[in-house]
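Structure below is protein-v4.txt: compact mmCIF, C-alpha atoms and all ligand atoms.
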# COMPACT_ATOMS: atom_id res chain seq x y z
CA MET A 1 0.00 0.00 0.00
CA ALA A 2 1.27 3.48 -0.88
CA LEU A 3 2.36 5.80 1.94
CA GLN A 4 -0.56 7.84 3.28
CA SER A 5 -0.34 11.59 2.70
CA LYS A 6 -0.36 12.36 6.45
CA PHE A 7 2.83 10.27 6.80
CA LYS A 8 4.40 12.00 3.81
CA GLN A 9 3.66 15.38 5.40
CA GLN A 10 5.18 14.31 8.74
CA LEU A 11 8.32 13.13 6.98
CA LYS A 12 8.52 16.40 5.04
CA ASN A 13 8.14 18.43 8.23
CA ARG A 14 11.06 16.59 9.79
CA PHE A 15 13.43 16.01 6.86
CA PHE A 16 12.57 18.80 4.37
CA ASP A 17 14.44 18.21 1.10
CA ARG A 18 16.15 15.12 2.54
CA VAL A 19 13.01 13.07 1.93
CA ARG A 20 11.99 12.17 -1.59
CA PHE A 21 8.87 10.31 -2.60
CA ASP A 22 8.68 7.67 -5.33
CA GLU A 23 12.44 7.77 -5.57
CA PRO A 24 13.76 5.39 -8.27
CA MET A 25 16.07 2.82 -6.69
CA THR A 26 17.99 2.55 -9.98
CA ALA A 27 19.90 5.59 -8.69
CA HIS A 28 20.88 3.84 -5.45
CA THR A 29 21.98 0.38 -6.58
CA THR A 30 25.06 -0.59 -8.53
CA LEU A 31 23.00 -3.02 -10.66
CA ARG A 32 21.07 0.10 -11.77
CA VAL A 33 17.67 -1.56 -11.59
CA GLY A 34 14.73 -1.17 -9.26
CA GLY A 35 11.41 0.60 -9.05
CA PRO A 36 10.55 3.48 -6.73
CA ALA A 37 10.82 3.61 -2.95
CA ASP A 38 7.64 5.12 -1.44
CA ALA A 39 9.88 7.42 0.59
CA PHE A 40 13.66 7.76 0.56
CA VAL A 41 15.11 9.55 3.58
CA THR A 42 18.71 10.64 3.94
CA VAL A 43 19.61 10.81 7.61
CA THR A 44 22.50 12.95 8.84
CA GLU A 45 22.47 12.43 12.62
CA GLU A 46 22.02 9.62 15.12
CA ARG A 47 19.26 11.59 16.82
CA GLU A 48 17.30 11.76 13.57
CA LEU A 49 17.76 8.07 13.02
CA THR A 50 16.43 7.12 16.47
CA TRP A 51 13.49 9.47 15.93
CA LEU A 52 12.75 7.92 12.55
CA VAL A 53 12.92 4.32 13.77
CA GLN A 54 10.59 5.17 16.69
CA TRP A 55 8.20 7.03 14.35
CA LEU A 56 8.14 4.09 11.93
CA LYS A 57 7.40 1.69 14.76
CA GLU A 58 4.62 3.90 16.20
CA ASN A 59 2.98 4.06 12.79
CA ASP A 60 3.64 0.43 11.93
CA LEU A 61 5.49 1.34 8.73
CA PRO A 62 8.17 -0.90 7.18
CA PHE A 63 11.69 0.38 6.53
CA PHE A 64 14.73 -0.78 4.66
CA ILE A 65 18.31 0.45 5.05
CA VAL A 66 20.35 1.02 1.94
CA GLY A 67 24.11 1.36 2.18
CA GLY A 68 26.01 1.62 -1.09
CA GLY A 69 23.38 -0.55 -2.80
CA THR A 70 26.19 -2.78 -4.07
CA ASN A 71 24.59 -6.06 -3.05
CA LEU A 72 20.98 -5.33 -3.89
CA LEU A 73 18.54 -6.35 -6.58
CA VAL A 74 15.46 -4.16 -6.12
CA LYS A 75 12.44 -5.46 -8.01
CA ASP A 76 10.71 -3.32 -10.63
CA LYS A 77 7.71 -2.27 -8.51
CA GLY A 78 10.06 -0.86 -5.92
CA ILE A 79 10.05 -0.78 -2.12
CA ARG A 80 7.03 -0.06 0.07
CA GLY A 81 7.56 2.03 3.15
CA VAL A 82 10.64 4.07 3.91
CA VAL A 83 14.13 3.48 2.59
CA ILE A 84 16.74 4.97 4.92
CA CYS A 85 20.13 6.05 3.67
CA LEU A 86 22.92 7.12 6.05
CA ALA A 87 24.52 10.32 4.80
CA LYS A 88 28.22 10.97 4.64
CA ASP A 89 27.84 12.79 7.99
CA LEU A 90 27.45 9.37 9.60
CA ALA A 91 30.82 8.25 8.28
CA THR A 92 33.35 9.17 10.97
CA ILE A 93 36.36 6.88 11.36
CA SER A 94 38.48 7.14 14.52
CA GLN A 95 41.31 5.36 16.28
CA HIS A 96 41.21 4.32 19.95
CA GLY A 97 44.46 3.32 21.60
CA SER A 98 46.96 1.69 19.32
CA THR A 99 44.97 -1.03 17.52
CA ILE A 100 41.25 -0.29 17.71
CA LEU A 101 39.39 1.55 14.94
CA SER A 102 35.76 2.51 14.95
CA ALA A 103 33.78 3.48 11.87
CA MET A 104 30.27 4.80 11.51
CA ALA A 105 28.03 2.70 9.26
CA GLY A 106 27.90 5.30 6.49
CA ALA A 107 31.69 5.25 5.98
CA GLY A 108 32.96 3.65 2.78
CA LEU A 109 34.49 0.24 3.46
CA SER A 110 37.47 1.03 1.24
CA THR A 111 37.95 4.34 3.06
CA LEU A 112 38.17 2.40 6.33
CA CYS A 113 40.69 -0.02 4.79
CA ARG A 114 42.87 2.83 3.53
CA PHE A 115 42.69 4.55 6.92
CA ALA A 116 43.89 1.31 8.55
CA ILE A 117 46.80 1.02 6.09
CA LYS A 118 47.82 4.61 6.77
CA GLN A 119 47.78 4.02 10.53
CA GLY A 120 49.83 0.83 10.10
CA LEU A 121 47.00 -1.45 11.22
CA ALA A 122 46.63 -4.91 9.72
CA GLY A 123 43.52 -7.05 9.38
CA LEU A 124 41.29 -5.20 6.97
CA ASN A 125 43.22 -5.60 3.71
CA PHE A 126 40.93 -8.44 2.60
CA ALA A 127 38.11 -5.89 2.34
CA LEU A 128 39.93 -3.45 0.10
CA GLY A 129 38.07 -3.24 -3.20
CA ILE A 130 34.76 -4.46 -1.76
CA PRO A 131 32.48 -1.55 -2.61
CA GLY A 132 29.79 -0.19 -0.31
CA THR A 133 29.58 1.00 3.27
CA VAL A 134 30.77 -0.29 6.62
CA GLY A 135 27.10 -0.88 7.64
CA GLY A 136 26.44 -3.02 4.55
CA ALA A 137 29.70 -4.92 4.98
CA LEU A 138 28.85 -5.76 8.59
CA ARG A 139 25.30 -6.86 7.77
CA MET A 140 26.62 -9.02 4.91
CA ASN A 141 29.71 -10.22 6.81
CA ALA A 142 31.50 -9.21 3.61
CA GLY A 143 34.66 -11.06 2.77
CA ALA A 144 37.32 -12.04 0.29
CA TRP A 145 40.67 -13.85 0.30
CA LYS A 146 39.44 -16.18 3.05
CA GLY A 147 38.89 -13.22 5.37
CA ASP A 148 35.64 -11.62 6.46
CA MET A 149 34.35 -9.05 8.91
CA SER A 150 34.14 -11.66 11.69
CA ASN A 151 37.96 -11.79 11.78
CA VAL A 152 38.28 -8.18 12.86
CA LEU A 153 34.98 -7.08 14.37
CA ASP A 154 34.97 -6.40 18.09
CA SER A 155 31.48 -4.95 18.63
CA ILE A 156 28.73 -2.95 16.97
CA ARG A 157 26.40 -0.18 18.00
CA ILE A 158 22.86 -0.50 16.74
CA ILE A 159 19.48 1.15 16.92
CA ASN A 160 17.11 -1.58 18.04
CA PRO A 161 13.51 -1.88 16.78
CA ALA A 162 12.30 0.25 19.72
CA GLY A 163 14.52 3.07 18.48
CA CYS A 164 17.06 2.80 21.33
CA ILE A 165 20.82 2.71 20.87
CA GLU A 166 22.44 -0.53 22.05
CA PHE A 167 26.01 -1.73 22.25
CA VAL A 168 26.39 -5.33 21.05
CA ASP A 169 29.52 -7.30 21.83
CA LYS A 170 30.93 -9.79 19.31
CA ARG A 171 29.92 -12.62 21.66
CA GLU A 172 26.27 -11.73 21.07
CA LEU A 173 26.68 -12.06 17.30
CA THR A 174 26.65 -15.05 14.98
CA PHE A 175 28.68 -14.81 11.79
CA SER A 176 28.06 -17.03 8.81
CA TYR A 177 28.80 -16.98 5.09
CA ARG A 178 27.74 -13.47 3.98
CA SER A 179 25.46 -13.00 6.94
CA LEU A 180 25.45 -11.57 10.43
CA SER A 181 22.76 -12.19 13.04
CA PHE A 182 22.27 -12.14 16.79
CA VAL A 183 22.81 -15.23 18.90
CA GLU A 184 19.54 -17.01 19.59
CA GLU A 185 19.38 -15.96 23.25
CA LYS A 186 19.13 -12.34 22.19
CA SER A 187 15.75 -13.09 20.55
CA MET A 188 15.97 -10.10 18.23
CA ASP A 189 16.30 -9.96 14.46
CA LEU A 190 19.24 -7.92 13.16
CA ALA A 191 17.21 -7.23 9.99
CA SER A 192 14.92 -5.02 12.09
CA CYS A 193 17.83 -2.99 13.50
CA VAL A 194 20.03 -0.26 12.08
CA ILE A 195 23.77 -0.77 12.43
CA LEU A 196 25.25 2.53 13.50
CA GLU A 197 28.90 1.76 14.04
CA GLY A 198 31.46 -1.04 14.04
CA ARG A 199 34.52 -1.34 16.25
CA PHE A 200 37.45 -3.27 14.83
CA SER A 201 40.37 -4.91 16.58
CA LEU A 202 43.48 -4.84 14.38
CA SER A 203 47.20 -5.52 14.78
CA LEU A 204 50.29 -3.42 14.20
CA GLN A 205 52.10 -3.72 10.88
CA ARG A 206 54.27 -1.48 8.70
CA SER A 207 52.18 0.70 6.38
CA GLU A 208 54.45 0.04 3.38
CA ARG A 209 54.01 -3.71 3.77
CA LEU A 210 50.23 -3.38 4.07
CA LYS A 211 50.15 -1.12 1.05
CA ALA A 212 52.13 -3.55 -1.08
CA GLU A 213 49.81 -6.40 -0.08
CA ALA A 214 46.76 -4.22 -0.81
CA ASP A 215 48.08 -3.30 -4.27
CA ASP A 216 48.56 -7.00 -5.11
CA MET A 217 45.02 -7.80 -4.03
CA LEU A 218 43.55 -4.93 -6.01
CA ASN A 219 45.48 -6.02 -9.10
CA VAL A 220 44.00 -9.52 -8.88
CA ARG A 221 40.52 -7.99 -8.53
CA LYS A 222 41.12 -5.87 -11.63
CA LYS A 223 42.23 -8.90 -13.61
CA THR A 224 39.38 -11.19 -12.57
CA GLN A 225 36.34 -8.92 -12.23
CA PRO A 226 34.50 -6.95 -14.92
CA ALA A 227 35.04 -3.22 -14.70
CA GLY A 228 32.77 -0.56 -16.14
CA PHE A 229 29.56 -2.61 -16.02
CA ALA A 230 26.70 -2.31 -13.57
CA SER A 231 26.70 -5.35 -11.27
CA ALA A 232 26.23 -6.42 -7.67
CA GLY A 233 29.44 -8.44 -7.50
CA CYS A 234 29.11 -12.20 -7.17
CA PHE A 235 25.46 -12.98 -7.79
CA PHE A 236 25.32 -16.49 -6.30
CA ARG A 237 26.70 -17.96 -3.11
CA ASN A 238 29.38 -20.58 -3.54
CA PRO A 239 27.68 -23.94 -2.85
CA ASP A 240 30.47 -24.85 -0.43
CA SER A 241 33.95 -23.73 0.49
CA ARG A 242 35.55 -26.01 -2.12
CA GLU A 243 33.33 -25.18 -5.09
CA SER A 244 32.83 -21.80 -6.69
CA ALA A 245 29.51 -20.81 -8.23
CA GLY A 246 31.43 -19.09 -11.03
CA ARG A 247 33.15 -22.31 -12.10
CA LEU A 248 29.85 -24.22 -12.16
CA ILE A 249 28.16 -21.50 -14.21
CA ASP A 250 31.06 -21.44 -16.63
CA LEU A 251 30.98 -25.22 -17.11
CA ALA A 252 27.19 -25.13 -17.55
CA ARG A 253 27.74 -22.68 -20.42
CA GLY A 254 26.14 -19.88 -18.43
CA LYS A 255 28.17 -17.30 -20.31
CA ASP A 256 26.00 -18.00 -23.38
CA LEU A 257 22.88 -16.90 -21.51
CA ARG A 258 21.32 -13.45 -21.55
CA VAL A 259 17.92 -11.81 -21.14
CA GLY A 260 17.60 -8.40 -22.75
CA ASP A 261 20.49 -6.31 -21.44
CA ALA A 262 21.13 -8.68 -18.53
CA ALA A 263 24.12 -10.89 -19.31
CA VAL A 264 26.70 -13.10 -17.64
CA SER A 265 30.07 -11.40 -17.57
CA GLU A 266 32.64 -12.79 -19.98
CA LYS A 267 35.34 -12.18 -17.38
CA HIS A 268 33.66 -13.71 -14.31
CA ALA A 269 30.74 -16.11 -14.70
CA ASN A 270 29.32 -15.32 -11.25
CA PHE A 271 28.79 -11.67 -12.19
CA ILE A 272 25.46 -10.75 -13.79
CA VAL A 273 25.95 -7.42 -15.52
CA ASN A 274 23.45 -4.85 -16.67
CA GLN A 275 24.72 -3.84 -20.08
CA GLY A 276 22.37 -0.91 -20.40
CA ARG A 277 18.64 -1.01 -19.90
CA ALA A 278 18.06 -4.32 -18.12
CA SER A 279 15.09 -4.43 -15.76
CA ALA A 280 15.01 -6.31 -12.47
CA GLU A 281 12.71 -8.81 -14.20
CA ASP A 282 15.36 -9.41 -16.90
CA ILE A 283 17.93 -10.12 -14.21
CA LEU A 284 15.59 -12.42 -12.30
CA CYS A 285 14.80 -14.34 -15.53
CA LEU A 286 18.52 -14.69 -16.23
CA MET A 287 19.07 -15.82 -12.64
CA ASN A 288 16.47 -18.59 -13.18
CA LEU A 289 18.08 -19.67 -16.45
CA ILE A 290 21.48 -19.91 -14.78
CA GLN A 291 20.04 -21.87 -11.86
CA GLU A 292 18.33 -24.28 -14.28
CA ALA A 293 21.51 -24.79 -16.32
CA VAL A 294 23.63 -25.53 -13.22
CA LEU A 295 20.94 -27.75 -11.70
CA LYS A 296 20.66 -29.74 -14.91
CA LYS A 297 24.41 -30.26 -15.26
CA PHE A 298 25.50 -30.66 -11.63
CA ASN A 299 22.30 -31.24 -9.66
CA ILE A 300 23.22 -28.22 -7.53
CA MET A 301 20.74 -25.42 -6.88
CA LEU A 302 22.61 -22.11 -6.69
CA GLU A 303 21.26 -19.61 -4.15
CA PRO A 304 21.57 -15.86 -4.71
CA GLU A 305 24.08 -14.00 -2.58
CA VAL A 306 22.60 -10.72 -3.76
CA LYS A 307 19.69 -9.52 -1.60
CA ILE A 308 16.49 -9.46 -3.64
CA VAL A 309 14.13 -6.87 -2.18
CA GLY A 310 10.92 -5.06 -3.03
CA ASP A 311 7.79 -5.99 -4.97
C1 LIG B 1 32.10 -5.03 -8.15
C2 LIG B 1 31.65 -5.65 -6.84
C3 LIG B 1 32.51 -6.47 -6.14
C4 LIG B 1 32.11 -7.05 -4.94
N1 LIG B 1 32.99 -7.86 -4.27
C5 LIG B 1 32.62 -8.40 -3.09
C6 LIG B 1 33.53 -9.23 -2.36
O1 LIG B 1 34.66 -9.48 -2.75
N2 LIG B 1 33.10 -9.75 -1.18
C7 LIG B 1 31.84 -9.50 -0.68
O2 LIG B 1 31.53 -9.97 0.42
N3 LIG B 1 30.98 -8.72 -1.35
C8 LIG B 1 31.32 -8.17 -2.53
N4 LIG B 1 30.44 -7.38 -3.22
C9 LIG B 1 29.07 -7.20 -2.69
C10 LIG B 1 28.89 -5.94 -1.80
O3 LIG B 1 29.82 -4.95 -2.17
C11 LIG B 1 29.05 -6.24 -0.30
O4 LIG B 1 28.08 -7.15 0.13
C12 LIG B 1 28.95 -4.94 0.52
O5 LIG B 1 29.48 -5.19 1.79
C13 LIG B 1 27.52 -4.41 0.64
O6 LIG B 1 27.60 -3.11 1.22
P1 LIG B 1 26.55 -1.97 0.86
O7 LIG B 1 26.81 -0.81 1.74
O8 LIG B 1 26.54 -1.70 -0.58
O9 LIG B 1 25.19 -2.68 1.30
P2 LIG B 1 23.82 -2.69 0.50
O10 LIG B 1 23.97 -3.45 -0.76
O11 LIG B 1 23.25 -1.33 0.42
O12 LIG B 1 22.92 -3.55 1.52
C14 LIG B 1 23.23 -4.90 1.77
C15 LIG B 1 22.42 -5.35 3.01
O13 LIG B 1 22.93 -4.65 4.15
C16 LIG B 1 21.87 -3.95 4.81
N5 LIG B 1 22.44 -2.74 5.38
C17 LIG B 1 23.19 -1.78 4.76
N6 LIG B 1 23.56 -0.84 5.64
C18 LIG B 1 23.02 -1.18 6.84
C19 LIG B 1 23.03 -0.60 8.13
N7 LIG B 1 23.67 0.53 8.41
N8 LIG B 1 22.35 -1.23 9.12
C20 LIG B 1 21.67 -2.39 8.88
N9 LIG B 1 21.63 -2.99 7.69
C21 LIG B 1 22.30 -2.39 6.67
C22 LIG B 1 20.84 -3.68 3.72
O14 LIG B 1 19.55 -3.47 4.28
C23 LIG B 1 20.94 -4.97 2.92
O15 LIG B 1 20.20 -5.98 3.56
C24 LIG B 1 30.81 -6.79 -4.42
C25 LIG B 1 29.94 -5.94 -5.14
C26 LIG B 1 30.36 -5.38 -6.33
C27 LIG B 1 29.42 -4.45 -7.07

If you took the structure in this file and wrote it as structure tokens, what would it be?
Ligand SMILES: Cc1cc2nc3c(=O)[nH]c(=O)nc-3n(C[C@H](O)[C@H](O)[C@H](O)COP(=O)(O)OP(=O)(O)OC[C@H]3O[C@@H](n4cnc5c(N)ncnc54)[C@H](O)[C@@H]3O)c2cc1C
Amino acid sequence: MALQSKFKQQLKNRFFDRVRFDEPMTAHTTLRVGGPADAFVTVTEERELTWLVQWLKENDLPFFIVGGGTNLLVKDKGIRGVVICLAKDLATISQHGSTILSAMAGAGLSTLCRFAIKQGLAGLNFALGIPGTVGGALRMNAGAWKGDMSNVLDSIRIINPAGCIEFVDKRELTFSYRSLSFVEEKSMDLASCVILEGRFSLSLQRSERLKAEADDMLNVRKKTQPAGFASAGCFFRNPDSRESAGRLIDLARGKDLRVGDAAVSEKHANFIVNQGRASAEDILCLMNLIQEAVLKKFNIMLEPEVKIVGD
């Protein structure tokens, strides 16, 4: 159901030109697809964010947080309710003592990695080149090179569904492949919370050495991943730690498949790229074709790693 006009007015009164209605999500996702969000609010302060979460709860309205939109496939009818985006103001990175860094959720993940390198702090190099924000990376437990956020995360600060700020220690979190959740005893769903900040425990290392390692990793990324095309990175989860989805897709001749402007990258078979005017529906059709091809050849059902959201 569309957002009632009284709610639109209340959002306007609070956020002025930082709320937009029927905002196309194509502009906020790296796959460049997606219909409109009923309301799209850019939040610049913690106080505003707590107010907004409380207001949404009081009015029983759904919300969705968008970070860099680098892991999202938003469907063509868009997102009902309020999409919340953390502005660059919520992007502070700071050092505490010699080896602890904290970063607000709106900070760029690569910015955090470069900050760590500059301070001579090791542990985050695996994340260099993963696009998006710290908030998105934590929620996704983003990773590469056999490392992920669980290796370095110490704690997070969140806004819980009641709109209150909470500190959550690593021991209260469960990390899995591209996913972060609370331990069962906490009986709360992380999907209904906003991650505000992450605190990372790193180790001392010479900056020059970290930089050299980072350059090597970025070079491999450049060689193996398509540049210049709209994508959401690896589209499917690897079926297990020994088998890559990309290899299976390649062997199932997935690179021959396309639907409209949605195609499988020539360079990396696990990347679906939007070569121009693909719709979300085109990408979902291509996803099904790839799943069918891999199922037929290997009897393995690939599951999307990309988050599919909206109507
Ligand atoms: C070219 C390319 C390469 C990539 N390579 C990798 C890779 O090597 N490894 C890897 O793991 N991923 C990779 N990705 C995927 C993606 O970059 C990561 O998953 C990234 O961490 C997502 O961050 P984001 O800010 O864009 O999140 P979004 O895509 O905006 O959101 C992802 C999820 O996080 C939630 N979220 C975002 N911010 C918050 C917040 N503050 N609080 C609560 N929930 C939040 C969203 O609601 C959504 O559910 C790649 C993507 C691209 C386009």

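Excluding Leu121 of chain A itself and any same-chain residue fewer than 5 positions from it, the protein and nucleic acid residues within 6 Å of it, counting only C-alpha atoms, are A:Ala116, A:Leu202, A:Ser203, A:Leu204, A:Gln205.
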
Please, which residues are within 6 Å of (24.8, -0.3, -5.9) by the file's coordinates, counting only C-alpha atoms, and could they come as number ranges by chain?
A: 28-31, 68-70

Padding of 8 Å on every side, edges along x, y and z, all listed atoms of ligand LIG 1 (chain B) included: what centre and edge lengths in Å, to one decimal, does that box have, as AutoDock Vina command-line options?
--center_x 27.1 --center_y -4.7 --center_z 0.5 --size_x 31.1 --size_y 26.5 --size_z 33.3

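Among the candidates A:Ala280, A:Glu166, A:Gly143, A:Phe7, the one nearest to Gly310 of chain A when counting only C-alpha atoms is A:Ala280.
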
List as a PDB file with C-alpha atoms, in the frame of the given file the protein and nucleic acid residues near Ala137 of chain A, meaning an atom at most 9 Å away when all atoms listed in the file are counted, but skip any in the same chain fewer than 3 places from it.
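So the final result, stored in result.pdb, reads:
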ATOM      1  CA  GLY A  67      24.110   1.360   2.180  1.00  0.00           C
ATOM      2  CA  ALA A 105      28.030   2.700   9.260  1.00  0.00           C
ATOM      3  CA  LEU A 109      34.490   0.240   3.460  1.00  0.00           C
ATOM      4  CA  ALA A 127      38.110  -5.890   2.340  1.00  0.00           C
ATOM      5  CA  ILE A 130      34.760  -4.460  -1.760  1.00  0.00           C
ATOM      6  CA  PRO A 131      32.480  -1.550  -2.610  1.00  0.00           C
ATOM      7  CA  GLY A 132      29.790  -0.190  -0.310  1.00  0.00           C
ATOM      8  CA  THR A 133      29.580   1.000   3.270  1.00  0.00           C
ATOM      9  CA  VAL A 134      30.770  -0.290   6.620  1.00  0.00           C
ATOM     10  CA  MET A 140      26.620  -9.020   4.910  1.00  0.00           C
ATOM     11  CA  ASN A 141      29.710 -10.220   6.810  1.00  0.00           C
ATOM     12  CA  ALA A 142      31.500  -9.210   3.610  1.00  0.00           C
ATOM     13  CA  GLY A 143      34.660 -11.060   2.770  1.00  0.00           C
ATOM     14  CA  MET A 149      34.350  -9.050   8.910  1.00  0.00           C
ATOM     15  CA  ARG A 178      27.740 -13.470   3.980  1.00  0.00           C
TER      16      ARG A 178
END

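Nearest residue to Ala262 of chain A, choosing from A:Phe182, A:Phe229, A:Phe298, A:Phe200 and counting only C-alpha atoms: A:Phe229.
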
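Residues with any atom within 12 Å of Cys164 of chain A, counting all atoms listed in the file and excluding same-chain neighbours fewer than 4 positions away, are Glu46, Arg47, Glu48, Leu49, Thr50, Trp51, Leu52, Val53, Gln54, Lys57, Arg157, Ile158, Ile159, Asn160, Cys193, Val194, Ile195 and Leu196 of chain A.
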
Given all atoms listed in the file as the counted atoms, nearest of A:Arg139, A:Arg237, A:Lys118, A:Lys255 to ligand LIG 1 (chain B)
A:Arg139

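Checking A:Ser231, A:Gln275, A:Thr42, A:Asn299 one by one against ligand LIG 1 (chain B), counting all atoms listed in the file, you find the shortest gap at A:Ser231.
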
Between A:Phe271, A:Phe21, A:Phe63, A:Phe16, which has the minimum distance to Pro161 of chain A (counting only C-alpha atoms)?
A:Phe63

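Picture a line from atom CA of Ser241 of chain A to atom O12 of ligand LIG 1 (chain B); it runs 23.0 Å.
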
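Using all atoms listed in the file for every distance, the candidate list A:Asp169, A:Glu23, A:Asp148, A:Asp60 yields A:Asp148 as the residue closest to ligand LIG 1 (chain B).
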
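For the pair atom O6 of ligand LIG 1 (chain B) and atom CA of Val220 of chain A, the interatomic distance is 20.3 Å.
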
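Omitting Gly254 of chain A and its sequence neighbours fewer than 4 positions away, and counting all atoms listed in the file, the residues within 7 Å are Ile249, Asp250, Val264 and Ile290 of chain A.
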